[in-house]
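Colleague: model.txt is the file, holding compact mmCIF, C-alpha atoms and all ligand atoms:
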# COMPACT_ATOMS: atom_id res chain seq x y z
CA MET W 1 71.35 82.59 80.01
CA ASN W 2 72.10 83.61 83.56
CA THR W 3 69.02 85.50 84.77
CA ARG W 4 70.24 85.86 88.34
CA GLU W 5 69.69 89.32 89.76
CA ARG W 6 73.00 91.09 90.24
CA LYS W 7 73.27 93.46 93.18
CA VAL W 8 75.38 96.57 93.02
CA VAL W 9 78.29 95.93 95.38
CA ASN W 10 81.77 97.18 96.14
CA ALA W 11 84.67 94.90 96.92
CA GLN W 12 86.05 95.44 100.41
CA ILE W 13 89.09 94.08 102.23
CA THR W 14 87.82 91.89 105.08
CA ALA W 15 91.01 90.10 106.16
CA ILE W 16 94.75 90.53 105.82
CA GLY W 17 97.94 88.54 106.39
CA LYS W 18 101.66 88.72 105.72
CA TYR W 19 104.83 86.69 105.73
CA LEU W 20 108.40 87.82 106.17
CA PRO W 21 111.26 85.33 105.98
CA GLU W 22 113.42 85.26 109.11
CA LYS W 23 116.81 85.92 107.50
CA VAL W 24 117.71 89.61 107.73
CA LEU W 25 120.29 91.23 105.43
CA ASP W 26 121.34 94.57 106.91
CA ASN W 27 123.32 97.30 105.18
CA LYS W 28 126.51 96.13 106.90
CA TYR W 29 126.16 92.82 105.04
CA PHE W 30 126.27 94.68 101.71
CA GLU W 31 129.35 96.65 102.82
CA GLN W 32 131.12 93.28 102.95
CA ILE W 33 130.07 92.05 99.48
CA VAL W 34 130.03 95.20 97.28
CA ASP W 35 131.55 98.69 97.31
CA THR W 36 128.82 100.49 99.28
CA SER W 37 128.10 101.97 102.69
CA ASP W 38 125.29 101.97 105.20
CA GLU W 39 125.25 105.76 104.91
CA TRP W 40 124.84 105.72 101.08
CA ILE W 41 122.02 103.17 101.21
CA ARG W 42 120.14 104.96 104.00
CA THR W 43 120.39 108.44 102.52
CA ARG W 44 119.80 107.51 98.87
CA THR W 45 117.02 104.95 99.44
CA GLY W 46 115.80 104.91 103.07
CA ILE W 47 116.55 101.19 103.37
CA VAL W 48 118.16 99.81 106.56
CA GLU W 49 117.50 96.09 106.18
CA ARG W 50 115.59 93.59 104.08
CA ARG W 51 114.61 89.90 104.29
CA LYS W 52 115.77 86.90 102.30
CA LEU W 53 113.93 83.62 101.78
CA GLU W 54 116.49 80.85 102.03
CA GLU W 55 114.42 77.80 101.03
CA GLY W 56 111.79 77.54 98.30
CA GLY W 57 110.24 79.98 95.85
CA THR W 58 107.65 82.74 95.86
CA SER W 59 104.87 80.19 96.49
CA VAL W 60 106.29 79.81 100.02
CA LEU W 61 105.94 83.55 100.66
CA ALA W 62 102.44 83.60 99.15
CA THR W 63 101.27 80.48 100.95
CA ARG W 64 102.53 81.65 104.36
CA ALA W 65 100.88 85.05 103.86
CA LEU W 66 97.57 83.38 103.03
CA GLU W 67 97.92 81.00 106.00
CA ASN W 68 98.50 84.03 108.23
CA LEU W 69 95.35 85.67 106.77
CA MET W 70 93.36 82.49 107.49
CA GLU W 71 94.66 82.37 111.08
CA ASN W 72 93.77 86.04 111.59
CA SER W 73 90.26 85.73 110.17
CA GLY W 74 89.08 82.13 110.50
CA LEU W 75 88.66 81.90 106.71
CA LYS W 76 88.49 78.24 105.68
CA PRO W 77 90.41 77.13 102.55
CA GLU W 78 87.34 75.58 100.92
CA GLU W 79 85.52 78.93 101.12
CA ILE W 80 88.00 80.62 98.77
CA ASP W 81 86.63 81.17 95.24
CA VAL W 82 89.66 82.73 93.51
CA ILE W 83 93.37 83.18 94.27
CA ILE W 84 95.27 85.88 92.37
CA VAL W 85 99.03 86.06 92.89
CA ALA W 86 100.75 89.25 91.74
CA THR W 87 104.43 88.48 91.19
CA VAL W 88 107.37 88.86 88.82
CA THR W 89 109.21 85.97 90.42
CA PRO W 90 106.84 83.00 89.99
CA ASP W 91 108.24 79.65 91.11
CA MET W 92 108.38 78.70 87.42
CA PHE W 93 106.77 79.74 84.11
CA PHE W 94 104.06 77.18 84.63
CA PRO W 95 102.13 76.01 86.47
CA ALA W 96 101.11 79.35 87.94
CA THR W 97 102.15 80.13 91.50
CA SER W 98 98.44 80.54 92.29
CA CYS W 99 98.00 76.79 91.57
CA LEU W 100 100.80 75.96 94.01
CA VAL W 101 99.24 78.18 96.68
CA GLN W 102 95.80 76.67 96.03
CA ASP W 103 97.18 73.18 96.59
CA ASN W 104 99.35 74.17 99.57
CA VAL W 105 96.41 75.57 101.53
CA GLY W 106 93.84 73.04 100.27
CA ALA W 107 91.57 75.62 98.60
CA LYS W 108 89.79 72.86 96.72
CA ASN W 109 87.01 75.06 95.30
CA ALA W 110 89.24 77.86 94.03
CA TRP W 111 90.59 78.77 90.61
CA GLY W 112 93.22 81.41 90.13
CA PHE W 113 95.95 83.00 88.11
CA ASP W 114 99.21 84.92 88.36
CA LEU W 115 99.40 88.55 87.35
CA SER W 116 102.63 90.20 86.20
CA GLY W 117 102.51 93.92 86.92
CA ALA W 118 105.86 94.34 88.69
CA CYS W 119 105.70 96.92 91.47
CA SER W 120 102.15 97.88 90.45
CA GLY W 121 101.13 94.21 90.38
CA PHE W 122 99.20 94.30 93.63
CA LEU W 123 97.11 97.27 92.49
CA PHE W 124 96.38 95.61 89.14
CA ALA W 125 95.42 92.39 90.97
CA LEU W 126 93.28 94.30 93.46
CA LYS W 127 91.31 95.86 90.60
CA ALA W 128 90.98 92.48 88.85
CA GLY W 129 89.82 90.86 92.09
CA ALA W 130 87.38 93.68 92.82
CA SER W 131 85.87 93.29 89.35
CA LEU W 132 85.33 89.57 89.96
CA ILE W 133 83.51 90.44 93.19
CA GLN W 134 81.45 93.11 91.43
CA SER W 135 80.51 90.63 88.70
CA GLY W 136 78.45 88.87 91.35
CA ASP W 137 79.98 85.53 90.44
CA TYR W 138 82.44 85.31 93.36
CA LYS W 139 82.18 86.09 97.06
CA LYS W 140 85.68 85.45 98.38
CA VAL W 141 88.67 86.48 96.28
CA VAL W 142 92.19 86.32 97.72
CA VAL W 143 94.69 88.80 96.30
CA ILE W 144 98.34 88.15 97.14
CA GLY W 145 101.42 90.22 96.38
CA ALA W 146 104.58 88.16 96.74
CA ASP W 147 108.09 88.30 95.34
CA LYS W 148 111.32 86.48 96.01
CA MET W 149 113.45 89.29 94.59
CA SER W 150 116.62 87.66 95.94
CA SER W 151 116.20 85.04 93.19
CA ILE W 152 116.80 87.63 90.44
CA VAL W 153 119.13 90.06 92.22
CA ASP W 154 122.77 90.17 91.12
CA TYR W 155 124.69 90.29 94.40
CA THR W 156 127.74 91.68 92.58
CA ASP W 157 125.85 94.75 91.30
CA ARG W 158 125.79 97.44 94.00
CA THR W 159 123.32 99.60 92.08
CA THR W 160 120.51 97.02 92.46
CA CYS W 161 121.42 94.41 95.10
CA VAL W 162 120.92 96.75 98.06
CA LEU W 163 117.41 97.71 96.98
CA PHE W 164 115.31 94.55 97.06
CA GLY W 165 113.89 92.11 99.61
CA ASP W 166 111.59 89.08 99.82
CA ALA W 167 108.06 89.11 101.29
CA GLY W 168 104.43 88.18 100.72
CA ALA W 169 101.15 89.69 101.89
CA ALA W 170 97.53 88.81 101.19
CA VAL W 171 94.09 90.38 101.41
CA LEU W 172 90.63 88.87 101.19
CA LEU W 173 88.05 90.70 99.07
CA GLU W 174 84.35 90.25 99.79
CA PRO W 175 81.28 92.16 98.57
CA THR W 176 79.63 94.95 100.52
CA GLU W 177 76.30 96.54 99.70
CA ASP W 178 77.33 99.60 101.68
CA LEU W 179 78.97 101.50 98.85
CA ASP W 180 80.64 103.94 101.24
CA TYR W 181 83.17 101.19 101.99
CA GLY W 182 85.66 99.23 99.96
CA ILE W 183 87.38 100.01 96.69
CA GLN W 184 85.96 103.24 95.30
CA ASP W 185 88.14 104.02 92.31
CA ALA W 186 91.25 102.95 90.42
CA ILE W 187 93.44 104.64 87.81
CA LEU W 188 95.86 102.15 86.29
CA HIS W 189 98.39 102.48 83.47
CA CYS W 190 100.93 100.60 81.37
CA ASP W 191 103.60 102.41 79.37
CA GLY W 192 105.75 99.88 77.59
CA SER W 193 108.09 102.56 76.28
CA GLY W 194 109.89 102.04 79.59
CA ARG W 195 110.55 98.37 78.88
CA ASP W 196 114.32 98.88 78.60
CA ALA W 197 114.70 100.91 81.82
CA LEU W 198 114.00 98.09 84.27
CA TYR W 199 113.86 94.45 83.20
CA MET W 200 115.31 90.97 83.23
CA ALA W 201 116.59 90.26 79.73
CA ALA W 202 116.86 86.49 79.55
CA GLY W 203 114.87 83.41 80.46
CA GLY W 204 111.73 84.36 78.56
CA SER W 205 110.65 83.34 75.06
CA ALA W 206 112.55 86.22 73.42
CA MET W 207 115.87 85.12 74.90
CA PRO W 208 115.64 81.63 76.33
CA ALA W 209 118.21 80.51 78.87
CA SER W 210 121.55 79.41 77.38
CA HIS W 211 125.14 79.19 78.56
CA GLU W 212 125.69 82.56 76.94
CA THR W 213 122.83 84.28 78.79
CA VAL W 214 124.09 82.87 82.07
CA ASP W 215 127.68 83.93 81.35
CA LYS W 216 126.47 87.45 80.52
CA ARG W 217 124.45 87.61 83.78
CA LEU W 218 121.23 88.30 81.89
CA HIS W 219 119.01 86.46 84.38
CA TYR W 220 119.26 89.31 86.85
CA ILE W 221 117.49 92.64 87.27
CA TYR W 222 118.81 95.46 85.11
CA GLN W 223 117.78 98.98 86.12
CA ASP W 224 118.67 102.42 84.82
CA GLY W 225 118.08 103.90 88.28
CA GLN W 226 118.17 107.58 87.41
CA ARG W 227 115.85 107.18 84.41
CA VAL W 228 113.32 105.20 86.47
CA PHE W 229 113.64 107.62 89.38
CA LYS W 230 112.63 110.62 87.25
CA VAL W 231 109.55 109.00 85.71
CA ALA W 232 108.56 107.31 88.98
CA VAL W 233 108.50 110.60 90.89
CA LYS W 234 106.27 112.20 88.26
CA GLY W 235 104.14 109.15 87.45
CA MET W 236 103.30 108.20 91.02
CA ALA W 237 102.60 111.79 92.08
CA ASP W 238 100.49 112.59 88.99
CA VAL W 239 98.25 109.56 89.36
CA SER W 240 97.84 110.06 93.12
CA VAL W 241 96.82 113.69 92.68
CA GLU W 242 94.48 112.71 89.81
CA ILE W 243 92.61 110.15 91.92
CA MET W 244 92.23 112.68 94.76
CA LYS W 245 90.79 115.29 92.36
CA ARG W 246 88.49 112.79 90.66
CA ASN W 247 87.02 111.85 94.05
CA ASN W 248 86.96 115.38 95.50
CA LEU W 249 89.40 114.45 98.24
CA THR W 250 91.48 117.02 100.08
CA ALA W 251 94.69 116.20 101.93
CA GLU W 252 92.74 116.33 105.20
CA ASP W 253 90.30 113.70 103.94
CA VAL W 254 93.08 111.17 103.32
CA ALA W 255 94.00 109.10 106.37
CA TYR W 256 97.01 107.50 104.67
CA LEU W 257 98.92 107.34 101.42
CA VAL W 258 100.02 103.70 101.06
CA PRO W 259 102.82 103.96 98.48
CA HIS W 260 104.97 101.33 96.81
CA GLN W 261 108.26 101.27 98.70
CA ALA W 262 111.05 101.69 96.12
CA ASN W 263 112.78 104.78 97.42
CA LEU W 264 111.98 107.09 100.33
CA ARG W 265 112.72 110.11 98.15
CA ILE W 266 110.07 109.03 95.59
CA ILE W 267 107.56 108.50 98.42
CA SER W 268 108.26 111.94 99.92
CA ALA W 269 107.93 113.65 96.55
CA THR W 270 104.54 111.97 96.01
CA ALA W 271 103.31 112.96 99.48
CA ASN W 272 104.45 116.56 98.90
CA ARG W 273 102.56 116.81 95.61
CA MET W 274 99.44 115.47 97.34
CA GLY W 275 99.91 118.02 100.11
CA ILE W 276 99.83 115.39 102.82
CA SER W 277 102.09 115.26 105.85
CA GLU W 278 104.72 112.67 106.74
CA ASP W 279 102.59 111.08 109.45
CA GLN W 280 99.92 110.32 106.81
CA VAL W 281 102.31 108.12 104.83
CA VAL W 282 102.72 104.38 105.34
CA ILE W 283 106.45 103.67 105.37
CA ASN W 284 108.25 100.38 105.96
CA ILE W 285 111.00 100.55 103.32
CA ASP W 286 113.53 100.85 106.17
CA LYS W 287 112.65 97.34 107.40
CA TYR W 288 111.97 95.44 104.18
CA GLY W 289 113.43 97.31 101.17
CA ASN W 290 111.60 96.98 97.87
CA THR W 291 109.57 93.76 97.91
CA THR W 292 107.93 94.56 94.52
CA ALA W 293 104.32 93.24 94.50
CA ALA W 294 104.31 92.79 98.29
CA THR W 295 105.06 96.36 99.42
CA ILE W 296 101.52 97.75 99.44
CA PRO W 297 99.66 94.85 101.15
CA LEU W 298 102.59 94.58 103.56
CA GLY W 299 102.17 98.24 104.44
CA LEU W 300 98.45 97.72 105.01
CA ALA W 301 99.12 94.62 107.15
CA ASP W 302 101.76 96.37 109.28
CA TYR W 303 99.64 99.45 109.93
CA TYR W 304 96.49 97.42 110.59
CA GLU W 305 98.33 95.21 113.08
CA ALA W 306 99.70 98.31 114.80
CA GLY W 307 96.13 99.60 115.24
CA LYS W 308 96.75 102.56 112.95
CA LEU W 309 94.04 101.78 110.35
CA LYS W 310 90.47 102.51 111.45
CA LYS W 311 87.14 101.66 109.86
CA GLY W 312 86.18 104.52 107.53
CA ASP W 313 89.77 105.62 106.85
CA LYS W 314 90.22 106.89 103.31
CA LEU W 315 93.36 105.39 101.78
CA ILE W 316 95.20 106.16 98.55
CA LEU W 317 97.32 103.24 97.35
CA SER W 318 99.93 104.23 94.74
CA ALA W 319 102.62 102.43 92.79
CA PHE W 320 105.14 102.78 89.98
CA GLY W 321 107.23 99.98 88.54
CA ALA W 322 108.74 98.09 85.65
CA GLY W 323 106.90 98.15 82.35
CA TYR W 324 106.38 100.93 83.07
CA THR W 325 103.30 100.18 85.13
CA PHE W 326 101.72 102.67 87.49
CA GLY W 327 98.49 103.57 89.19
CA SER W 328 96.43 104.54 92.21
CA VAL W 329 93.53 102.94 94.04
CA TYR W 330 91.21 104.82 96.38
CA LEU W 331 89.57 102.68 99.05
CA VAL W 332 87.70 103.16 102.29
CA TRP W 333 88.98 100.78 104.96
CA SER W 334 86.19 98.62 106.39
CA MET W 335 87.86 96.47 109.06
CA ASP W 336 87.44 97.38 112.76
N1 LIG W 401 126.48 102.26 97.08
C1 LIG W 401 127.32 103.25 96.78
N2 LIG W 401 127.26 103.93 95.64
C2 LIG W 401 126.32 103.57 94.75
C3 LIG W 401 125.42 102.52 94.99
C4 LIG W 401 125.54 101.84 96.20
N3 LIG W 401 124.73 100.83 96.55
N4 LIG W 401 124.60 102.39 93.93
C5 LIG W 401 124.97 103.33 93.05
N5 LIG W 401 126.02 104.02 93.53
C6 LIG W 401 126.75 105.13 92.91
C7 LIG W 401 126.64 105.11 91.40
O1 LIG W 401 127.58 104.20 90.84
C8 LIG W 401 126.97 106.54 91.07
O2 LIG W 401 128.36 106.70 91.13
P1 LIG W 401 129.12 107.63 90.06
O3 LIG W 401 128.54 109.00 90.28
O4 LIG W 401 130.53 107.50 90.45
O5 LIG W 401 128.77 107.06 88.72
C9 LIG W 401 126.36 107.31 92.24
O6 LIG W 401 126.17 106.34 93.30
C10 LIG W 401 125.02 107.93 91.93
O7 LIG W 401 124.24 106.95 91.24
P2 LIG W 401 122.74 107.23 90.82
O8 LIG W 401 122.22 106.08 90.04
O9 LIG W 401 122.68 108.60 90.24
O10 LIG W 401 122.07 107.24 92.28
P3 LIG W 401 120.64 107.68 92.63
O11 LIG W 401 120.68 108.79 93.58
O12 LIG W 401 119.79 107.84 91.39
O13 LIG W 401 120.11 106.41 93.43
C11 LIG W 401 118.64 104.55 93.02
C12 LIG W 401 120.05 105.15 92.79
C13 LIG W 401 118.57 103.23 92.30
C14 LIG W 401 118.49 104.34 94.51
C15 LIG W 401 117.59 105.52 92.49
O14 LIG W 401 117.93 105.92 91.19
C16 LIG W 401 116.21 104.95 92.46
O15 LIG W 401 115.60 104.74 93.49
N6 LIG W 401 115.63 104.75 91.26
C17 LIG W 401 114.24 104.37 91.09
C18 LIG W 401 113.93 103.01 91.64
C19 LIG W 401 112.49 102.68 91.35
O16 LIG W 401 111.59 103.41 91.65
N7 LIG W 401 112.24 101.59 90.69
C20 LIG W 401 110.91 101.29 90.26
C21 LIG W 401 110.23 100.40 91.16
S1 LIG W 401 111.08 98.89 91.35
Show how you would write the structure in this file as structure tokens.
Modeller:
Amino acid sequence: MNTRERKVVNAQITAIGKYLPEKVLDNKYFEQIVDTSDEWIRTRTGIVERRKLEEGGTSVLATRALENLMENSGLKPEEIDVIIVATVTPDMFFPATSCLVQDNVGAKNAWGFDLSGACSGFLFALKAGASLIQSGDYKKVVVIGADKMSSIVDYTDRTTCVLFGDAGAAVLLEPTEDLDYGIQDAILHCDGSGRDALYMAAGGSAMPASHETVDKRLHYIYQDGQRVFKVAVKGMADVSVEIMKRNNLTAEDVAYLVPHQANLRIISATANRMGISEDQVVINIDKYGNTTAATIPLGLADYYEAGKLKKGDKLILSAFGAGYTFGSVYLVWSMD
């Protein structure tokens, strides 16, 4: 039996990194390949451009993001205990993308796993990683959100192809005995009744790849945009307000809402319900589109790099995505 004394700790983010592929696809590009316009995309979604990874799979995005984190912080690969990769576009079914990342960076003492939570994947992985830290068994847990959405986007379908981009971002979780910092609370949900609103039909065990599935274009994202929009607006706002109430937070207490970046109109509706102003909302959908599991850590990385996140800032991270999956995390930022 393990008789080690376990201290009460929170998990805090102590380092951050990101990776964006160089290739930019702007709205003009989509005007050339489908029946759309820059004006429609901007006004309906808030997106101006997004990135595309030209060589390799999601492990490239995840590895580069972790390398960037290590450069920023001096973290050595052999110090890493666990690598969690949140993604819906793993390089392959198996081995897990986390294994590829582990090998790429030489994290020879780490174990890890992939986590499939779609656009809420990073929040689910953050909670899983925080629990590993709080167990007392692990001191350095890397949580990565990365998706190569361009690998499952149908570039002949104007209703989805303009929405998504490729990116990866990573955070390091470490314990803190100062419970005023780090991850304070999480409210996370699955609602599988939404399984047919946003999904990729083929390629899994229910409908393995065949000539027929390829001919029918079933290896691409299908989304009933309006149906998802309605539940996303309500789901993301409800859970964000709930976590504020549960932690006695007023709008003034919150430094930033860090929302999943699917649609600027969903983000604004969530901020309105929370009673917070536009300048308290992390927004980068204009630059990157919807990068699925990467949006939230990418938002944190961008705002931290820009000097906008300060130690002690109270942040609400919120997401809604395929599944459905949705949730909020309340954390107190602890990096200077
Ligand atoms: N360019 C031009 N027109 C387009 C278009 C495009 N890229 N995409 C769709 N349209 C058209 C539709 O065909 C439709 O035309 P019709 O009226 O002639 O049938 C019209 O625009 C309105 O379509 P609709 O689906 O009602 O648009 P919308 O305002 O709901 O916006 C989304 C579409 C996808 C941007 C929006 O529904 C959305 O953001 N949904 C939620 C996404 C989300 O949160 N996903 C979960 C996380 S991944």
Colleague: Listed atoms of ligand LIG 401 (chain W), axis-aligned box, 4 Å per side: centre and edge lengths to one decimal in Å, as JSON?
Modeller:
{"center_x": 120.4, "center_y": 103.9, "center_z": 92.9, "size_x": 28.3, "size_y": 18.1, "size_z": 16.4}
Colleague: Name all residues at most 6 Å from Met149 (chain W) (count all atoms listed in the file; drop same-chain ones fewer than 2 positions away) and give them as a list in words.
Modeller: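 The filter keeps Asp147, Ser151, Ile152, Gly165 and Asp166 of chain W.
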Colleague: As a quick test: using all atoms listed in the file, which residues lie no more than 8 Å away from ligand LIG 401 (chain W)? Give them as a PyMOL selection string.
Modeller: chain W and resi 34-37+40-41+44-45+118-119+158-163+198+223-230+232-233+260-263+265-266+290+292+320-322
Colleague: What is the distance, in Å and to one decimal place, between CA of Val141 (chain W) and CA of Val171 (chain W)?
Modeller: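 Distance reported for this atom pair: 8.4 Å.
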Colleague: Please indicate the distance in Å from CA of Arg195 (chain W) to CA of Gly327 (chain W), rounded to one decimal place.
Modeller: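 Between these atoms lies a distance of 16.7 Å.
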Colleague: Using only C-alpha atoms, pick whichever of W:Met70, W:Ile221, W:Val254, W:Leu188 has the shortest atom-to-atom distance to Gly235 (chain W).
Modeller: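 Checking each of W:Met70, W:Ile221, W:Val254, W:Leu188 against Gly235 (chain W), counting only C-alpha atoms, the winner is W:Leu188.
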Colleague: Skipping near chain neighbours, those fewer than 2 positions away, what residues fall within 10 Å of Asp279 (chain W) using only C-alpha atoms, listed as an MDAnalysis selection string?
Modeller: chainID W and resid 255:257 276:277 281:283
Colleague: Quick one: pull the distance between CA of Ala170 (chain W) and CA of Ala201 (chain W), Å, one decimal.
Modeller: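 Taking CA of Ala170 (chain W) as the start and CA of Ala201 (chain W) as the end point, the length is 28.7 Å.
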Colleague: May I have the residues at most 12 Å from (107.5, 81.3, 102.0) in the file's coordinates, counting all atoms listed in the file, as number ranges by chain?
Modeller: W: 18-23, 51-68, 91, 97, 100-101, 104, 146-148, 166-169
Colleague: Taking all atoms listed in the file into account, which of W:Ser193, W:Thr250, W:Thr325, W:Ser334 comes nearest Leu309 (chain W)?
Modeller: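 Closest residue, counting all atoms listed in the file: W:Ser334.
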Colleague: Using only C-alpha atoms, which protein or nucleic acid residues come within 6 Å of Gln12 (chain W)? Drop anything in the same chain fewer than 4 positions from it, and give the result as a short mmCIF file (atom, residue, chain, number, x, y, z; two decimals) with C-alpha atoms, in the frame of the given file.
Modeller:
data_model
loop_
_atom_site.label_atom_id
_atom_site.label_comp_id
_atom_site.auth_asym_id
_atom_site.auth_seq_id
_atom_site.Cartn_x
_atom_site.Cartn_y
_atom_site.Cartn_z
CA LEU W 173 88.05 90.70 99.07
CA GLU W 174 84.35 90.25 99.79
CA GLY W 182 85.66 99.23 99.96
#
Colleague: So which one's closest to Ile84 (chain W), W:Lys140, W:Lys308, W:Lys108, W:Arg246? Using only C-alpha atoms, please.
Modeller: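 When distances to Ile84 (chain W) are compared using only C-alpha atoms, the smallest one comes from W:Lys140.
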Colleague: Ranking W:Thr89, W:Ser318, W:Asn284, W:Thr295 by minimum distance to Thr270 (chain W) and counting all atoms listed in the file, which one comes first?
Modeller: W:Ser318
Colleague: Near Ala11 (chain W), counting all atoms listed in the file, which residues have an atom at most 10 Å away, once you skip same-chain residues fewer than 3 positions from it, shown as a list in words?
Modeller: Thr14, Leu126, Lys127, Gly129, Ala130, Ser131, Leu132, Ile133, Gln134, Lys139, Lys140, Val141, Leu172, Leu173, Glu174, Pro175, Thr176, Glu177, Asp178, Leu179, Tyr181, Gly182, Ile183, Gln184 and Leu331 of chain W
Colleague: Using only C-alpha atoms, which of W:Glu212, W:Asp137, W:Asp313, W:Asp302 sits nearest Val9 (chain W)?
Modeller: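 Comparing W:Glu212, W:Asp137, W:Asp313, W:Asp302 against Val9 (chain W), the winner is W:Asp137.
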